[in-house]
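To start, the structure itself, in structure tokens.
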Amino acid sequence: MEEMEEARLNYAEIVEKYFTDNDWNFTAKKIDDDIFFSLPLGAKNLPGLDVKLIVDTDGDCKIRCYLAKGVADKKRDEMLEVLNSLNTKYRYVTLSLDTDNDVLASYDFRIFGDAETADRQVGAMIFIVSRIMDKCVPKIMRVIWNDDEDEED
């Protein structure tokens with residue numbers, strides 16, 4: 001039984017090594033057995049994605065990213081409709097509006113296997129999620145930027 005415990009992989013450390021070895025721009029903070037990564041990523045429609053990735057030693061991963069902050073209260077219902085529509089269209093990312101009226105994109109997944117397999121999984125998931133978030137941004141921003149009702153001539 002002890003041999004199995006010694007052979008157990010620490011996925012949080014594997015991901016950190018992957019990012020370091022591949023020259024990713026990131027910061028990392030270890031809290032208990034989890035590592036919280038901050039990954040500044042660029043995308044076509046939103047060049048400043050600040051993606052947060054939380055990885056625990058067992059391979060449970062959470063991706064979080066705010067796509068918009070401070071949606072006006074009067075636009076809350078319209079934004080919820082857009083987010084619900086996008087949630088039915090895209091399978092991997094869940095979009096929600098938090099109590100501060102910020103638009104949050106989230107995705108949970110688990111990595112497994114050896115270090116090389118885990119590397120490919122994390123890289124693929126970050127790529128997929130960032131592409132989906134980028135596709136969602138125009139519809140989200142249309143709601144935020146639409147001031148037709150508010151304009152006074």
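We label chains A, B, ... in the order they appear in the structure tokens, count residues from 1 in each chain, and number ligands from 1 in the order shown.
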*asked:* Can you pull out the residues contacting range 115-121 of chain A? Cut-off 8 Å, using only C-alpha atoms, and skip same-chain residues under 6 positions away; I want them as number ranges by chain.
replied: A: 9, 11, 14-15, 18
Kindly provide the residues of range 7-51 of chain A that approach range 94-110 of chain A to within 12 Å, each paired with its closest atom pair and their distance in Å to one decimal, based on only C-alpha atoms, listed by chain and increasing number, as JSON lines.
{"residue": "A:Tyr11", "atom": "CA", "partner": "A:Arg110", "partner_atom": "CA", "distance": 9.9}
{"residue": "A:Ala12", "atom": "CA", "partner": "A:Arg110", "partner_atom": "CA", "distance": 11.4}
{"residue": "A:Leu49", "atom": "CA", "partner": "A:Ala105", "partner_atom": "CA", "distance": 10.9}
{"residue": "A:Asp50", "atom": "CA", "partner": "A:Ala105", "partner_atom": "CA", "distance": 11.1}
{"residue": "A:Val51", "atom": "CA", "partner": "A:Ala105", "partner_atom": "CA", "distance": 9.4}
Output of the above residues as a PDB file, in the first residue's frame, restricted to C-alpha atoms:
ATOM      1  CA  TYR A  11      -0.888  16.994 -10.650  1.00  0.00           C
ATOM      2  CA  ALA A  12      -0.611  20.530  -9.304  1.00  0.00           C
ATOM      3  CA  LEU A  49      -8.169  37.476 -20.496  1.00  0.00           C
ATOM      4  CA  ASP A  50      -7.065  36.939 -16.903  1.00  0.00           C
ATOM      5  CA  VAL A  51      -7.667  33.222 -16.551  1.00  0.00           C
TER       6      VAL A  51
END
_DSSP strand (DSSP E or B) selection over range 50-131 of chain A, as a PyMOL selection string_ = chain A and resi 50-55+60-68+94-97+103-110
Take the residues just selected and output them with C-alpha atoms as a compact mmCIF listing (two decimals), in the first residue's frame.
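Wrote out-v6.txt, looks like this:
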# COMPACT_ATOMS: atom_id res chain seq x y z
CA ASP A 50 -7.07 36.94 -16.90
CA VAL A 51 -7.67 33.22 -16.55
CA LYS A 52 -7.48 31.60 -13.13
CA LEU A 53 -6.69 27.88 -13.00
CA ILE A 54 -6.88 26.00 -9.73
CA VAL A 55 -5.31 22.53 -9.68
CA ASP A 60 -9.23 18.29 -10.07
CA CYS A 61 -9.06 21.55 -12.04
CA LYS A 62 -11.17 24.69 -12.14
CA ILE A 63 -10.90 27.43 -14.73
CA ARG A 64 -12.44 30.82 -13.90
CA CYS A 65 -12.40 34.07 -15.85
CA TYR A 66 -14.43 37.27 -15.62
CA LEU A 67 -15.50 38.38 -19.09
CA ALA A 68 -17.27 41.59 -18.03
CA THR A 94 -20.74 27.81 -17.97
CA LEU A 95 -21.51 31.51 -17.99
CA SER A 96 -23.14 33.17 -15.02
CA LEU A 97 -23.83 36.56 -13.51
CA VAL A 103 -20.02 37.84 -15.97
CA LEU A 104 -18.09 34.73 -14.93
CA ALA A 105 -16.99 31.94 -17.25
CA SER A 106 -16.18 28.68 -15.50
CA TYR A 107 -15.20 25.16 -16.39
CA ASP A 108 -14.30 22.21 -14.16
CA PHE A 109 -12.42 19.16 -15.35
CA ARG A 110 -10.12 16.43 -14.09
*Write out as a PyMOL selection string all residues of range 7-143 of chain A that backbone DSSP assigns to helix (DSSP H, G or I).*
chain A and resi 7+11-21+73-89+115-143
*Quick one: pull the distance between CA of Asp21 in chain A and CA of Gly42 in chain A, Å, one decimal.*
19.7 Å
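Residue nearest Ile35 in chain A, chosen from A:Ser85, A:Ser130, A:Thr57, A:Asn146 and counting only C-alpha atoms: A:Thr57.
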*Which residues, written as a PyMOL selection string, have at least one atom at most 9 Å from Phe26 in chain A, with only C-alpha atoms counted and residues fewer than 5 positions away on the same chain left out?*
chain A and resi 19-20+37-40
_Separation of CA of Glu81 in chain A from CA of Ile132 in chain A in Å_ = 17.7 Å
